[in-house]
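start04.txt, holding compact mmCIF, C-alpha atoms:
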# COMPACT_ATOMS: atom_id res chain seq x y z
CA MET A 21 -30.31 24.96 -7.73
CA LEU A 22 -30.09 22.79 -4.64
CA ALA A 23 -31.76 19.92 -6.47
CA LYS A 24 -29.26 20.31 -9.30
CA LEU A 25 -26.37 20.30 -6.85
CA CYS A 26 -27.75 17.22 -5.10
CA LYS A 27 -28.16 15.44 -8.39
CA LYS A 28 -24.59 16.26 -9.27
CA ALA A 29 -23.18 15.44 -5.87
CA PHE A 30 -25.08 12.26 -5.08
CA PRO A 31 -25.50 10.37 -8.32
CA LYS A 32 -26.35 7.05 -6.72
CA SER A 33 -27.60 5.57 -3.54
CA LEU A 34 -25.33 2.65 -2.84
CA TRP A 35 -26.58 -0.29 -0.85
CA VAL A 36 -23.69 -2.11 0.66
CA TYR A 37 -23.28 -5.68 1.75
CA HIS A 38 -20.58 -6.34 4.29
CA CYS A 39 -18.69 -9.54 3.60
CA ASN A 40 -16.17 -10.73 6.18
CA SER A 41 -13.84 -13.25 4.59
CA GLY A 42 -11.69 -14.07 7.57
CA ALA A 43 -10.86 -10.61 8.89
CA CYS A 44 -9.77 -9.98 12.46
CA ASN A 45 -12.84 -7.76 13.11
CA GLY A 46 -10.73 -4.61 13.06
CA CYS A 47 -11.96 -3.54 9.63
CA ASP A 48 -15.51 -4.68 10.48
CA ILE A 49 -15.60 -2.46 13.53
CA GLU A 50 -14.45 0.46 11.39
CA ILE A 51 -17.15 -0.28 8.82
CA LEU A 52 -19.77 -0.23 11.58
CA ASN A 53 -18.19 2.97 12.85
CA VAL A 54 -18.76 4.57 9.47
CA LEU A 55 -22.49 3.91 9.77
CA THR A 56 -22.78 5.68 13.13
CA PRO A 57 -24.11 9.26 13.33
CA TYR A 58 -20.62 10.72 13.78
CA TYR A 59 -19.40 9.52 10.38
CA ASP A 60 -22.86 9.37 8.90
CA VAL A 61 -22.63 7.77 5.46
CA GLU A 62 -26.39 7.64 5.06
CA ARG A 63 -26.09 11.24 3.85
CA PHE A 64 -24.64 9.67 0.68
CA GLY A 65 -27.56 7.25 0.54
CA ILE A 66 -25.41 4.37 1.68
CA LYS A 67 -27.33 1.70 3.50
CA LEU A 68 -26.22 -1.60 4.94
CA VAL A 69 -28.28 -4.51 3.67
CA ALA A 70 -28.32 -8.07 4.92
CA SER A 71 -28.41 -9.96 1.66
CA PRO A 72 -26.07 -9.75 -1.33
CA ARG A 73 -29.14 -9.95 -3.57
CA HIS A 74 -30.13 -6.45 -2.44
CA ALA A 75 -26.69 -4.95 -2.68
CA ASP A 76 -24.87 -2.76 -5.19
CA VAL A 77 -21.56 -2.79 -3.37
CA MET A 78 -19.73 -5.50 -1.51
CA LEU A 79 -17.42 -4.37 1.27
CA LEU A 80 -14.91 -7.17 1.41
CA SER A 81 -12.77 -7.30 4.52
CA GLY A 82 -10.11 -9.86 5.29
CA ALA A 83 -7.69 -11.91 3.27
CA VAL A 84 -9.92 -14.50 1.65
CA THR A 85 -9.22 -17.69 3.56
CA ARG A 86 -9.59 -21.13 2.06
CA PRO A 87 -12.89 -22.01 3.82
CA THR A 88 -14.50 -18.69 2.88
CA LEU A 89 -13.33 -18.64 -0.75
CA PRO A 90 -16.36 -20.49 -2.24
CA LEU A 91 -18.72 -18.48 -0.05
CA VAL A 92 -17.23 -15.18 -1.19
CA LYS A 93 -17.54 -16.26 -4.81
CA LYS A 94 -21.17 -17.30 -4.22
CA ALA A 95 -21.99 -13.98 -2.57
CA TYR A 96 -20.36 -12.11 -5.45
CA ASP A 97 -22.38 -14.10 -8.01
CA ALA A 98 -25.58 -13.43 -6.08
CA MET A 99 -25.22 -9.67 -6.41
CA PRO A 100 -27.19 -8.09 -9.28
CA SER A 101 -25.07 -7.08 -12.16
CA PRO A 102 -23.83 -3.48 -11.97
CA LYS A 103 -21.78 -4.21 -8.89
CA LEU A 104 -18.74 -2.80 -7.15
CA VAL A 105 -16.38 -4.49 -4.75
CA PHE A 106 -14.42 -2.52 -2.16
CA GLY A 107 -11.44 -4.23 -0.61
CA ILE A 108 -11.21 -2.78 2.88
CA GLY A 109 -8.02 -3.10 4.86
CA SER A 110 -4.58 -4.37 4.02
CA CYS A 111 -5.77 -7.97 4.05
CA ALA A 112 -8.37 -7.50 1.34
CA THR A 113 -6.05 -5.24 -0.65
CA GLY A 114 -2.96 -7.39 -0.86
CA GLY A 115 -3.20 -10.08 1.77
CA GLY A 116 -1.62 -8.15 4.63
CA SER A 117 0.77 -10.11 6.76
CA TRP A 118 -0.84 -13.32 5.54
CA PHE A 119 -0.23 -12.80 1.84
CA ASP A 120 1.71 -16.06 1.49
CA CYS A 121 0.07 -18.21 4.14
CA TYR A 122 -0.93 -21.73 3.19
CA ASN A 123 -4.64 -21.24 3.81
CA VAL A 124 -5.04 -17.73 2.44
CA THR A 125 -5.64 -16.86 -1.20
CA GLY A 126 -3.73 -13.63 -0.69
CA GLY A 127 -6.08 -10.70 -1.06
CA GLY A 128 -9.56 -10.09 -2.33
CA ASP A 129 -8.51 -9.72 -5.96
CA LYS A 130 -7.36 -13.33 -6.08
CA ALA A 131 -10.95 -14.45 -5.43
CA ILE A 132 -13.20 -11.84 -7.07
CA PRO A 133 -12.51 -8.68 -9.09
CA VAL A 134 -12.00 -5.77 -6.70
CA ASN A 135 -12.73 -2.27 -7.99
CA TYR A 136 -11.45 -0.08 -5.18
CA TYR A 137 -8.77 -0.74 -2.63
CA ILE A 138 -8.77 0.97 0.75
CA PRO A 139 -5.49 0.10 2.48
CA GLY A 140 -4.95 0.52 6.19
CA CYS A 141 -4.72 -1.81 9.13
CA PRO A 142 -7.49 -1.06 9.92
CA PRO A 143 -8.34 1.92 7.70
CA ARG A 144 -9.66 4.95 9.54
CA PRO A 145 -13.38 5.57 9.13
CA GLU A 146 -12.39 8.68 7.21
CA ALA A 147 -10.36 6.52 4.85
CA ILE A 148 -13.39 4.33 4.15
CA ILE A 149 -15.54 7.42 3.59
CA TYR A 150 -12.84 8.74 1.28
CA GLY A 151 -12.87 5.50 -0.72
CA VAL A 152 -16.64 5.58 -1.04
CA ALA A 153 -16.52 9.25 -2.01
CA LEU A 154 -13.87 8.38 -4.60
CA ALA A 155 -16.21 5.82 -6.09
CA LEU A 156 -19.05 8.32 -6.12
CA GLY A 157 -16.78 10.90 -7.77
CA LEU A 158 -16.94 13.44 -4.95
CA VAL A 159 -13.18 13.62 -4.37
CA ASP A 160 -10.07 13.20 -6.47
CA LYS A 161 -7.51 10.45 -6.16
CA LYS A 162 -4.55 11.60 -4.10
CA VAL A 163 -2.00 8.81 -4.53
CA ALA A 164 0.37 8.05 -7.37
CA PRO A 165 3.35 5.70 -7.65
CA VAL A 166 6.49 7.27 -6.20
CA GLU A 167 9.86 6.79 -7.84
CA LEU A 168 12.92 8.19 -6.09
CA LYS A 169 16.43 8.17 -7.50
CA GLN A 170 19.75 9.19 -6.07
CA MET A 171 20.85 10.35 -9.50
CA GLU A 172 21.27 14.07 -10.04
CA PHE A 173 20.08 15.58 -13.26
CA PRO A 174 22.59 18.02 -14.84
CA ILE A 175 19.98 20.74 -15.23
CA ASP A 176 19.24 20.58 -11.51
CA ALA A 177 22.93 20.90 -10.64
CA TYR A 178 23.23 23.85 -13.05
CA GLU A 179 20.28 25.64 -11.54
CA ARG A 180 21.50 25.00 -8.03
CA ASN A 181 24.92 26.41 -8.86
CA ARG A 182 23.29 29.46 -10.39
CA ALA A 183 21.18 29.96 -7.29
CA TRP A 184 24.23 29.54 -5.08
CA GLU A 185 26.13 32.16 -7.06
CA ASN A 186 23.22 34.54 -6.79
CA ARG A 187 23.07 33.95 -3.04
CA ASN A 188 26.79 34.32 -2.56
CA VAL A 189 27.35 37.73 -1.06
CA ILE A 190 31.15 37.74 -1.16
CA TYR A 191 31.30 38.08 -4.95
CA LYS A 192 28.92 41.00 -4.82
CA LEU A 193 31.04 42.70 -2.19
CA LEU A 194 34.14 42.16 -4.30
CA ASP A 195 32.40 43.66 -7.30
CA ASP A 196 31.57 46.74 -5.28
CA MET B 28 -31.97 18.84 28.93
CA VAL B 29 -31.27 19.91 25.40
CA LEU B 30 -31.59 23.62 24.85
CA LYS B 31 -30.47 23.65 21.26
CA PRO B 32 -30.08 20.83 18.76
CA GLY B 33 -26.58 20.41 17.34
CA VAL B 34 -24.94 18.51 14.53
CA VAL B 35 -22.34 15.91 15.43
CA THR B 36 -21.77 14.52 11.93
CA LEU B 37 -18.42 15.24 10.39
CA LYS B 38 -18.47 17.02 7.06
CA TYR B 39 -15.49 14.90 6.14
CA PRO B 40 -15.19 14.47 2.37
CA PHE B 41 -16.10 18.11 1.84
CA GLU B 42 -13.91 19.46 4.62
CA PRO B 43 -10.49 18.10 5.54
CA HIS B 44 -10.20 16.17 8.76
CA PRO B 45 -6.53 15.44 9.36
CA ALA B 46 -5.38 12.55 11.47
CA PRO B 47 -3.71 13.18 14.85
CA GLU B 48 0.06 13.52 15.07
CA THR B 49 0.50 10.04 16.50
CA PHE B 50 -1.31 8.37 13.63
CA ARG B 51 0.82 6.01 11.57
CA GLY B 52 0.25 6.29 7.86
CA ALA B 53 2.40 5.16 4.97
CA PRO B 54 6.20 5.28 5.34
CA HIS B 55 8.15 7.58 3.06
CA TRP B 56 11.77 7.16 2.10
CA ASP B 57 14.33 9.92 2.00
CA HIS B 58 16.51 8.66 -0.82
CA HIS B 59 19.35 11.01 0.12
CA LYS B 60 19.65 9.56 3.61
CA CYS B 61 19.03 5.90 2.78
CA VAL B 62 22.17 3.72 2.76
CA GLY B 63 20.45 0.59 1.47
CA CYS B 64 21.22 -1.61 4.47
CA GLY B 65 17.92 -3.46 4.14
CA ALA B 66 17.06 -3.34 7.85
CA CYS B 67 13.56 -2.15 6.97
CA SER B 68 13.01 -5.14 4.71
CA ASN B 69 14.31 -7.47 7.40
CA HIS B 70 11.91 -6.13 9.99
CA CYS B 71 8.86 -5.65 7.77
CA SER B 72 6.16 -7.86 9.23
CA SER B 73 4.24 -8.23 6.00
CA ARG B 74 7.39 -8.25 3.84
CA CYS B 75 6.22 -5.40 1.69
CA ILE B 76 9.71 -3.85 1.38
CA LEU B 77 11.72 -5.78 -1.18
CA VAL B 78 15.38 -5.38 -2.10
CA ARG B 79 16.45 -5.93 -5.68
CA ASP B 80 19.91 -5.53 -7.10
CA MET B 81 19.84 -4.28 -10.66
CA CYS B 82 23.60 -4.38 -11.13
CA GLN B 83 26.70 -4.25 -8.96
CA GLU B 84 26.19 -0.67 -7.87
CA LEU B 85 22.47 -0.14 -8.15
CA ARG B 86 20.10 -1.35 -5.49
CA VAL B 87 16.36 -0.83 -5.75
CA MET B 88 14.09 -0.82 -2.74
CA LEU B 89 10.50 -1.58 -3.60
CA TYR B 90 7.69 -0.74 -1.23
CA ASP B 91 4.35 -2.39 -1.85
CA GLY B 92 1.78 -0.42 0.10
CA SER B 93 -1.05 -2.77 -0.75
CA ARG B 94 -0.16 -5.20 2.00
CA CYS B 95 1.55 -2.78 4.39
CA THR B 96 0.05 -2.92 7.87
CA TYR B 97 1.47 0.50 8.84
CA CYS B 98 3.19 -0.86 11.94
CA GLY B 99 6.06 1.63 11.69
CA ARG B 100 8.81 -0.87 12.44
CA CYS B 101 10.74 0.18 9.34
CA ALA B 102 11.02 3.71 10.70
CA ASP B 103 12.02 2.42 14.13
CA VAL B 104 14.90 0.28 12.89
CA CYS B 105 16.22 2.67 10.23
CA PRO B 106 19.75 3.62 11.39
CA GLU B 107 19.86 6.75 9.25
CA LYS B 108 16.30 7.90 10.04
CA ALA B 109 15.61 7.87 6.32
CA ILE B 110 12.06 6.56 6.76
CA THR B 111 9.39 8.83 8.14
CA ILE B 112 5.87 7.78 8.96
CA SER B 113 3.37 10.20 7.51
CA THR B 114 -0.05 10.91 8.94
CA GLY B 115 -1.83 10.48 5.63
CA PHE B 116 -4.67 8.03 5.30
CA GLU B 117 -6.32 8.87 1.98
CA TYR B 118 -4.82 6.01 0.01
CA ALA B 119 -8.00 4.63 -1.53
CA THR B 120 -7.40 3.83 -5.17
CA GLY B 121 -8.54 1.65 -7.99
CA ASP B 122 -5.05 0.54 -8.92
CA LYS B 123 -2.62 -1.19 -6.60
CA ASN B 124 0.38 0.38 -8.34
CA ASP B 125 -0.60 3.77 -6.99
CA ILE B 126 0.47 2.91 -3.47
CA THR B 127 3.93 1.65 -4.33
CA GLU B 128 7.24 3.38 -3.84
CA ARG B 129 10.49 2.68 -5.65
CA VAL B 130 13.85 3.96 -4.41
CA GLU B 131 16.97 3.59 -6.53
CA LEU B 132 20.19 3.70 -4.56
CA PHE B 133 23.81 3.86 -5.62
CA MET B 134 25.93 1.45 -3.61
CA LEU B 135 29.63 1.93 -3.10
CA THR B 136 31.83 -1.08 -3.64
CA CYS B 137 34.25 -2.55 -1.12
CA GLN B 138 37.76 -1.20 -1.64
CA ARG B 139 39.28 -4.56 -0.78
CA CYS B 140 37.20 -7.00 -2.79
CA GLY B 141 35.71 -4.60 -5.34
CA ARG B 142 32.08 -5.56 -4.86
CA CYS B 143 29.24 -4.83 -2.50
CA TYR B 144 27.93 -8.31 -1.94
CA ASP B 145 27.36 -11.53 -3.83
CA MET B 146 24.24 -11.29 -5.86
CA GLU B 147 22.94 -13.98 -8.11
CA HIS B 148 24.75 -17.22 -7.76
CA THR B 149 25.38 -17.60 -4.08
CA ASN B 150 23.92 -20.24 -1.91
CA ALA B 151 20.17 -19.96 -1.35
CA ILE B 152 20.70 -20.18 2.40
CA ASP B 153 22.98 -17.14 2.33
CA ARG B 154 20.36 -15.18 0.48
CA LEU B 155 17.94 -15.74 3.33
CA ASP B 156 20.03 -13.44 5.52
CA LEU B 157 18.24 -10.52 3.93
CA ARG B 158 14.56 -11.23 3.83
CA GLY B 159 13.90 -8.69 1.12
CA TYR B 160 15.92 -10.80 -1.29
CA ARG B 161 13.39 -13.59 -1.24
CA TYR B 162 11.55 -13.99 -4.46
CA ASP B 163 7.90 -13.21 -4.69
CA ASN B 164 6.91 -16.26 -6.69
CA LEU B 165 5.94 -19.36 -4.84
CA GLU B 166 8.06 -21.75 -6.89
CA ALA B 167 11.24 -19.96 -5.92
CA ARG B 168 10.16 -19.93 -2.33
CA ALA B 169 9.51 -23.64 -2.42
CA LEU B 170 13.02 -24.10 -3.73
CA ILE B 171 14.61 -21.92 -1.11
CA ARG B 172 12.68 -23.62 1.65
CA LYS B 173 13.68 -27.08 0.52
CA THR B 174 16.99 -28.56 1.56
CA SER B 175 19.43 -30.45 -0.60
CA ASP B 176 17.75 -33.85 -0.34
CA GLN B 177 14.65 -32.48 -2.03
CA PHE B 178 16.50 -30.34 -4.54
CA ASP B 179 14.74 -30.15 -7.88
CA GLN B 180 16.93 -29.13 -10.81
CA LYS B 181 13.93 -28.35 -13.04
CA LEU B 182 12.48 -25.98 -10.46
CA PHE B 183 15.87 -24.40 -10.05
CA ASP B 184 16.18 -23.75 -13.79
CA GLU B 185 12.75 -22.11 -13.84
CA THR B 186 13.78 -19.91 -10.94
CA ASP B 187 16.91 -18.85 -12.73
CA LYS B 188 14.90 -17.64 -15.69
CA PHE B 189 12.41 -15.81 -13.50
CA ALA B 190 12.63 -12.12 -14.25
CA ARG B 191 12.87 -10.02 -11.16
CA PRO B 192 10.12 -7.43 -11.04
CA THR B 193 11.50 -3.97 -11.53
CA LYS B 194 8.19 -2.64 -10.36
CA ILE B 195 5.65 -4.38 -8.23
CA GLY B 196 2.72 -5.56 -10.28
CA GLU B 197 4.58 -6.09 -13.52
Write out the structure in this file as structure tokens.
Amino acid sequence: MLAKLCKKAFPKSLWVYHCNSGACNGCDIEILNVLTPYYDVERFGIKLVASPRHADVMLLSGAVTRPTLPLVKKAYDAMPSPKLVFGIGSCATGGGSWFDCYNVTGGGDKAIPVNYYIPGCPPRPEAIIYGVALALGLVDKKVAPVELKQMEFPIDAYERNRAWENRNVIYKLLDD
Amino acid sequence: MVLKPGVVTLKYPFEPHPAPETFRGAPHWDHHKCVGCGACSNHCSSRCILVRDMCQELRVMLYDGSRCTYCGRCADVCPEKAITISTGFEYATGDKNDITERVELFMLTCQRCGRCYDMEHTNAIDRLDLRGYRYDNLEARALIRKTSDQFDQKLFDETDKFARPTKIGE
């Protein structure tokens, strides 16, 4: 039963390659933090490898700057084919504060296809673990686009008036 | 001396581990309190809060969480305290649209002049007063940045046809 559970829970052992494309080292420190015994990701079989040729997953941190753009593309091409890219931090997700700078391509997805985005500046180690667990299918996605409107729907107003009438004690007293 | 071995590893994805109270996560708008002044978009360091005017009385605030640095300045400057900073951090997603927020606001018009503000055809310099008005395409930005001696009518016509995004990513 335990073996069955393990097979279900840990479908893959991901070997990750950490690619810094001009990050401020904040996200890189958090990635290293994830590998420490406190947030031990080796329990998911995740291992940091030195070469992109060994890797299944690229952890891309930093808005891809102009000097690193060809290097990031080369590293992505060097990875063997079933490959995932995680954009870690606000810079890799959408460019961060530097999204329209002259020497920044504006996010990891402008350079290479990014599969999972982990926003945060820097993301907490838990957030990175959550993103990895999302890719492994251990947790469900918790975010959805939010749309708020100041318009009131008539059915809502009707129900609120009904509730107010039910709450209103004076009418009940008058009835008595 | 270790009497008994212990486990320090968090059981995080299987057990919740909430962030401390002082943690700054994504901002959330209270659309009943918001007056649409645009102070948050003026102070946003990564310009991820955009202001779009759909018509004379409808203003749309767009929040693009993909490049938000969670600095919390929008909540600090909000005069109506309509923005609260949550302590959430589980925003990992495969689609950038999931971390956006869109707030539609009704704007009252001025009783004297009958309008809120000039929208489309004012001077480009005036539009810079509110940073959230700036367009997100680079051609329009090049136009706004350039002064009259480098004015390009062709670029200007392209900018005029540029459809404002009703939703970030479209």
Check every residue of chain A for an atom within 6 Å of chain B, counting all atoms listed in the file, and provide those that qualify as a PDB file with C-alpha atoms, in the coordinates of the input.
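Final file, result-v2.pdb:
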ATOM      1  CA  PRO A  57     -24.110   9.260  13.330  1.00  0.00           C
ATOM      2  CA  TYR A  58     -20.620  10.720  13.780  1.00  0.00           C
ATOM      3  CA  TYR A  59     -19.400   9.520  10.380  1.00  0.00           C
ATOM      4  CA  SER A 110      -4.580  -4.370   4.020  1.00  0.00           C
ATOM      5  CA  THR A 113      -6.050  -5.240  -0.650  1.00  0.00           C
ATOM      6  CA  GLY A 114      -2.960  -7.390  -0.860  1.00  0.00           C
ATOM      7  CA  GLY A 115      -3.200 -10.080   1.770  1.00  0.00           C
ATOM      8  CA  GLY A 116      -1.620  -8.150   4.630  1.00  0.00           C
ATOM      9  CA  SER A 117       0.770 -10.110   6.760  1.00  0.00           C
ATOM     10  CA  ASN A 135     -12.730  -2.270  -7.990  1.00  0.00           C
ATOM     11  CA  TYR A 136     -11.450  -0.080  -5.180  1.00  0.00           C
ATOM     12  CA  TYR A 137      -8.770  -0.740  -2.630  1.00  0.00           C
ATOM     13  CA  ILE A 138      -8.770   0.970   0.750  1.00  0.00           C
ATOM     14  CA  CYS A 141      -4.720  -1.810   9.130  1.00  0.00           C
ATOM     15  CA  ALA A 147     -10.360   6.520   4.850  1.00  0.00           C
ATOM     16  CA  GLY A 151     -12.870   5.500  -0.720  1.00  0.00           C
ATOM     17  CA  VAL A 163      -2.000   8.810  -4.530  1.00  0.00           C
ATOM     18  CA  ALA A 164       0.370   8.050  -7.370  1.00  0.00           C
ATOM     19  CA  PRO A 165       3.350   5.700  -7.650  1.00  0.00           C
ATOM     20  CA  VAL A 166       6.490   7.270  -6.200  1.00  0.00           C
ATOM     21  CA  GLU A 167       9.860   6.790  -7.840  1.00  0.00           C
ATOM     22  CA  LEU A 168      12.920   8.190  -6.090  1.00  0.00           C
ATOM     23  CA  LYS A 169      16.430   8.170  -7.500  1.00  0.00           C
ATOM     24  CA  GLN A 170      19.750   9.190  -6.070  1.00  0.00           C
TER      25      GLN A 170
END
Residues within 10 Å of (-5.8, -19.9, 7.5), file coords, only C-alpha atoms, listed as a PyMOL selection string: chain A and resi 42+83-88+118+121-125
Place a sphere of radius 9 Å on (-14.6, 2.0, 9.4) in the file coordinates and name every protein, DNA or RNA residue with an atom inside or on its surface, counting all atoms listed in the file; give the answer as a ChimeraX atom specification. /A:46-55,59,108,142-149
Keeping only C-alpha atoms, take the residues you just selected and write them out as a short mmCIF file (atom, residue, chain, number, x, y, z; two decimals), in the frame of the given file.
data_model
loop_
_atom_site.label_atom_id
_atom_site.label_comp_id
_atom_site.auth_asym_id
_atom_site.auth_seq_id
_atom_site.Cartn_x
_atom_site.Cartn_y
_atom_site.Cartn_z
CA GLY A 46 -10.73 -4.61 13.06
CA CYS A 47 -11.96 -3.54 9.63
CA ASP A 48 -15.51 -4.68 10.48
CA ILE A 49 -15.60 -2.46 13.53
CA GLU A 50 -14.45 0.46 11.39
CA ILE A 51 -17.15 -0.28 8.82
CA LEU A 52 -19.77 -0.23 11.58
CA ASN A 53 -18.19 2.97 12.85
CA VAL A 54 -18.76 4.57 9.47
CA LEU A 55 -22.49 3.91 9.77
CA TYR A 59 -19.40 9.52 10.38
CA ILE A 108 -11.21 -2.78 2.88
CA PRO A 142 -7.49 -1.06 9.92
CA PRO A 143 -8.34 1.92 7.70
CA ARG A 144 -9.66 4.95 9.54
CA PRO A 145 -13.38 5.57 9.13
CA GLU A 146 -12.39 8.68 7.21
CA ALA A 147 -10.36 6.52 4.85
CA ILE A 148 -13.39 4.33 4.15
CA ILE A 149 -15.54 7.42 3.59
#
One-decimal distance in Å that lies between CA of Ser81 in chain A and CA of Lys94 in chain A: 15.7 Å
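Atom pair CA of Lys67 in chain A / CA of Leu154 in chain A has a distance of 17.1 Å (rounded to one decimal).
Between CA of Pro72 in chain A and CA of Ala98 in chain A the separation is 6.0 Å.
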